Every structure is written in C-alpha cells, then in structure tokens.
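> First the structure, which I've put down as structure tokens, then a few questions once you've had a look.
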Amino acid sequence: MTYNPVDGLIVVVKRDCPTCALVVPVLDELARGAPPLTVYVQDSPEFAAGLPGGAYDASLEHSWRLDIEIVPTLIRVQAGQVIDRCIGWHRGEWERVSGLRSLGAGLPDTRPGCGSKTQEPGMAEELGVRFGDIRLASRQIELGSGEDEIEACFERGWSDGLPVVPPTPVRVARMLAGTSRRSDEVLGLMPPDLVPCTVEKVAINAVMAGAKPEYMPVLLAAIEAALQPKFNMHGLLCTTHFAAPMVIVNGPAAQAIGMNSAGNVLGQGNRANATIGRTLQLVVRNVGGGRPGEIDMACLGNSGKYTSCFAESPNSTWEPLSVQRGIAAGRSAVTLFAAAGMLGIMDQKSRDPESLSRSYASAMLAVDHPKSTGKADVLLVISPEHARVFLDARWSKAHLIERLHELTIIDGDSLVPGAGGIAEGDPSAAGRQVPKFRPEGILVVRAGGGAGMMTAIIPSWPATGERGSMPATQEIAS
C-alpha cells in the first residue's frame with residue numbers, strides 16, 4: 001500500500017515522553033507560523049485533543065509508515081513525500097526543518113527524545129503484519145469466540161499429544177525474522193504426502209513447538225537433511241520399526257543458540273534441544289501428513305518421536321562428526337540419524353581403550369538382533385569420562401571406529417538358523433567372517449556430563465539403500 005502523508009509539517013509525540021511535553025509550546029508556534037501542521041499522538045486521545053492539529057494514532061499506522069523510532073520527531077512533507085526530518089528536541093534542527101526562526105524561547109537548546117511505541121518488543125512484527133509487506137501464504141483459521149486456542153489445535157489434529165503454541169500471524173512473522181531466507185522458498189517435498197515445504201511452513205510449526213526465532217537456521221538445515229533422498233524420510237515413517245529422526249548439531253551455531261551438549265544431553269530441560277527436534281516432528285505431521293495410525297506404522301515407536309536433538313560437545317580434541325562427514329572445520333551443520341532408542345552402557349572399571357572397546361562391542365553385537373549383520377548403522381554417544389580413556393591413550397575417533405568394526409566381526413557359523421537355539425539367521429553365512437555393520441555404519445560423538453563412565457549405544461533402522469535410512473548431513477546457512 002502506498003502511503004502519501006499530507007503536505008506540511010508532521011510531529012509525532014507521546015504523552016509519557018518528557019521531551020514531548022517540553023515541546024508543546026513549540027507546537028503552538030508551528031501551528032501559527034508554518035505550513036499545515038499535523039500532530040500524531042501515540043498514547044493518549046486526550047493529549048491529542050489539546051494539541052494544534054492533534055490526531056490520535058491509535059493503531060500506530062501513521063507512526064509505522066513514517067518510520068518513527070524516536071519521539072518527538074518533526075517531519076516536512078512535500079508532494080506527498082518526506083523530504084526532511086529531525087528527532088528529539090534540537091532548536092537549530094527544528095528551525096531548519098520548519099523554516100521558522102526563534103523557536104522555543106526559554107527552552108534548553110537540546111533534549112533527547114524517547115523511544116517510539118513502534119519500537120516496543122513485538123510491535124515491529126505486529127505492525128508489519130497489519131500494515132506492511134509481511135504477507136503469509138498459509139491459510140488462516142478463524143476460531144469461534146468460545147473456542148480455546150490450545151484446545152482447538154488438539155481438536156484439529158495439529159498436536160503431537162502435547163500442548164502447542166497457537167501460531168498467530170504475529171508469532172509466525174517474528175519467527176521468520178530469524179532467517180534471511182524468503183518465506184516462500186520451497187525446501188522440498190515433505191513426505192508422505194509430498195507437500196511443498198516452505199520456510200513459512202517451518203516457521204509455523206516452529207512457533208507451535210515453542211522454538212525461538214534464532215533457531216531457524218538450524219531448523220531449516222534439519223528439514224533439508226530430512227529431505228535428502230538417502231535419509232528416506234518416507235520409509236522411516238512407514239516402517240513398523242522403532243526409529244525416529246535424531247538431530248545432531250555441530251559447530252558455532254549450537255553454542256550461539258544455547259544448545260546442551262553436556263549433562264542430561266539426551267534428556268529434557270533445554271529449550272533449543274527440545275524444540276528443534278519437536279519442530280521437525282511437527283513439520284512431518286502437519287505439512288507431510290505423517291500421523292500415527294495412518295502412514296506412521298510404528299509397532300512400538302520411541303520417545304524420540306516427540307523430539308530427539310542434541311549438540312556434540314565442542315570441548316574435545318576429537319574431530320567433530322560434521323567434519324568426519326565432509327563439512328569444513330569451524331562450520332556448523334546438522335546430521336540426521338534414524339535412531340531406534342538407546343542402550344545404556346555403564347563400564348566403570350575399564351581404564352584402557354581396548355577393554356572399553358570390547359565392552360562397547362559386546363553390546364553392539366546385540367543391535368537389532370544377535371544374528372542381524374551388514375544392514376544397520378549405530379551411533380555411540382560417549383561421555384567425557386569414557387572419552388578420556390581413549391584420549392589419554394591417543395586413540396582418535398577413526399582408530400576407535402576401526403577397532404569396533406574388528407570386534408564386531410561375527411563367525412558366520414553362529415548366524416546359521418538354529419545355531420545357538422535361535423531360528424533367525426543367514427544360511428549363506430556359514431564358514432565366513434561377517435561384519436555386523438556397514439563399513440561407514442559406526443558413528444561416534446562425544447557429549448554428556450562430566451561425571452559418569454557411561455555411553456549410549458543407539459541403533460538405526462536396520463536396512464540400507466532404498467529400503468532403509470542412511471545418516472544425512474546438511475550445513476547450516478544463515
């Protein structure tokens with residue numbers, strides 16, 4: 001909308017600003033000796049009624065369209081365009097803009113102004129939605145006067161079973177301010193319904209999840225990782241398996257938004273961790289249509305279907321997961337892993353890396369099924385105390401991963417159906433040495449609290465290629 005203010009002088013004030021009260025006599029002088037004068041008052045119709053040319057700017061539309069940051073502001077308008085302005089009270093500046101002389105006799109030469117009401121927290125987005133260029137493409141739902149907003153979200157199926165924040169236009173606009181990417185940018189087709197997933201759609205679900213605008217770059221990277229073909233989000237939704245997307249964040253972005261990589265790292269209590277993972281799940285549900293009992297066919301599922309997200313510790317001499325997966329050192333990235341749940345390993349006696357590696361391997365052999373081989377990935381989240389065992393011995397991540405592959409080679413004779421009294425297995429494995437995991441299927445990250453000799457072993461969805469999910473990494477853009 002084009003805004004053409006009336007020619008003449010415009011002054012914007014508010015009653016609770018001492019400098020605005022100070023210049024009231026000057027307004028009378030302007031009204032008597034200058035071009036037509038309009039005085040917009042931001043906070044009081046009574047104050048406006050007592051001023052020459054006074055008008056109550058109740059909606060703040062005039063203040064917003066005139067780009068007022070400080071009151072009082074004096075503006076000169078010619079041919080419908082602002083040609084000059086000054087802020088606060090400065091006698092020389094007011095005389096220059098107005099064209100009058102000897103203004104404000106008896107007043108001090110200068111006084112600073114006060115903040116405009118348009119600069120109050122949240123007002124920029126509210127006014128932008130009401131009067132500006134913020135135009136949301138998503139369909140808006142009008143609620144009845146007797147409807148409760150949160151209950152309405154439950155009733156319409158937009159919730160994961162927990163309360164969500166109602167995504168009002170102002171809240172969505174505020175969330176979109178967290179990224180420089182266009183709101184109509186399509187990130188890809190979100191399965192299972194293959195609906196175009198825009199930045200705006202992510203912002204809507206981020207509001208619902210309780211995220212903050214500064215999380216948006218991480219959120220968008222997580223969505224883009226989920227849409228990589230090798231992650232196979234569609235298959236992950238359809239499978240009867242336990243798995244759900246787990247978001248692992250590396251780099252400065254994690255620290256900038258206060259993500260937890262320390263104590264209780266896989267648990268509750270950190271807003272960024274909780275809401276980033278939850279946003280991804282809500283986007284899958286509300287944009288892609290991935291709802292339990294419909295396309296989501298998990299037999300048992302796991303709590304990661306609410307949210308699963310954490311940051312790898314930056315305080316380690318080990319190479320970050322993101323660097324291992326091709327992202328330049330010092331850059332930020334997310335890695336998505338199809339996590340099936342957690343097996344906790346508590347080894348408080350191993351003090352050398354070989355012993356601790358064997359503890360890990362003995363548990364890893366049971367991942368998915370003792371006779372399952374070559375189809376799964378596994379993620380190890382190693383606590384600082386366990387990591388110290390390897391670091392003190394100068395074992396790198398690569399060395400640890402290599403040793404774990406060696407320790408999880410299985411004698412094929414034990415895989416034959418019936419061997420050991422277990423029916424499942426592979427008859428063709430007899431007489432061979434068979435790897436438990438894919439060559440690139442063991443991932444290691446360091447995270448957790450400083451006390452506790454513990455490691456989490458997290459299996460993936462046990463299949464690869466077109467029938468399964470492989471980890472996907474996406475660099476975080478601004």
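Within each chain, counting starts at residue 1; across the structure tokens, chains are named A, B, ... in the order shown, with ligands numbered 1 upward in that order.
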Using only C-alpha atoms, tabulate the residues of range 167-225 of chain A lying at most 7 Å from any atom of range 277-290 of chain A, each with its closest atom pair and that distance in Å to one decimal, by chain and increasing residue number, as a Markdown table.

```
| residue | atom | partner | partner_atom | distance |
| --- | --- | --- | --- | --- |
| A:Met190 | CA | A:Gly288 | CA | 4.8 |
| A:Pro191 | CA | A:Gly288 | CA | 4.8 |
| A:Pro192 | CA | A:Gly288 | CA | 5.4 |
| A:Asp193 | CA | A:Gly288 | CA | 5.1 |
| A:Leu194 | CA | A:Gly288 | CA | 6.2 |
| A:Val195 | CA | A:Gly288 | CA | 5.8 |
| A:Cys197 | CA | A:Val287 | CA | 6.8 |
| A:Val202 | CA | A:Val283 | CA | 6.4 |
| A:Asn205 | CA | A:Thr279 | CA | 5.7 |
| A:Ala206 | CA | A:Thr279 | CA | 5.1 |
| A:Ala209 | CA | A:Thr279 | CA | 5.4 |
| A:Ile223 | CA | A:Leu280 | CA | 6.5 |
```
> I'd like the contact shell of range 235-251 of chain A - 6 Å cut-off, only C-alpha atoms, skipping same-chain residues fewer than 3 positions apart - returned as a ChimeraX atom specification.
/A:232,254,295-302,304-305,308-312,331-340,461
> Got a sec to tell me which of range 15-226 of chain A DSSP assigns to strand (DSSP E or B), as a ChimeraX atom specification?
/A:37-41,54-56,70-71,73-78,81-87,89-90,110-111,114-115,186-190,195-198
> One decimal, Å: what's the distance from CA of Val170 in chain A over to CA of Glu214 in chain A, could you say?
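Those two atoms sit 15.9 Å apart.
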> Looking only at alpha helix (DSSP H) from DSSP on the backbone, list the matching residues of range 216-397 of chain A as number ranges by chain.
A: 216-226, 233-238, 252-256, 271-286, 321-324, 353-364, 384-392, 397
> Can you work out the spacing between CA of Ser159 in chain A and CA of Met259 in chain A in Å, to one decimal?
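If I compute the distance from CA of Ser159 in chain A to CA of Met259 in chain A, I get 23.9 Å.
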> What is the CA of Val378 in chain A-CA of Ser460 in chain A distance in Å, reported with one decimal?
5.7 Å
> Restricting the calculation to only C-alpha atoms, which member of A:Trp89, A:Phe131, A:Phe390, A:Tyr56 is positioned closest to Thr19 in chain A?
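Under the stated criterion, the closest residue is A:Trp89.
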> Neighbouring residues of Glu406 in chain A were defined as those with any atom within 10 Å, considering only C-alpha atoms; residues of the same chain fewer than 6 positions away were excluded. Please report them as a VMD selection string.
chain A and resid 361 400 435 to 436
> Residues as selected, N, CA and C atoms, written as a PDB file, in the first residue's frame, can you do that?

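That gives us selection29.pdb:
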```pdb
ATOM      1  N   ALA A 361      31.643 -53.303  22.072  1.00  0.00           N
ATOM      2  CA  ALA A 361      31.394 -54.275  21.007  1.00  0.00           C
ATOM      3  C   ALA A 361      30.448 -55.379  21.469  1.00  0.00           C
ATOM      4  N   LEU A 400      39.181 -45.689  17.028  1.00  0.00           N
ATOM      5  CA  LEU A 400      38.134 -46.376  17.784  1.00  0.00           C
ATOM      6  C   LEU A 400      37.143 -47.057  16.850  1.00  0.00           C
ATOM      7  N   PRO A 435      30.800 -59.006   8.782  1.00  0.00           N
ATOM      8  CA  PRO A 435      30.761 -57.753   9.560  1.00  0.00           C
ATOM      9  C   PRO A 435      29.353 -57.466  10.064  1.00  0.00           C
ATOM     10  N   LYS A 436      29.282 -56.995  11.274  1.00  0.00           N
ATOM     11  CA  LYS A 436      27.983 -56.637  11.856  1.00  0.00           C
ATOM     12  C   LYS A 436      27.415 -55.380  11.220  1.00  0.00           C
TER      13      LYS A 436
END
```
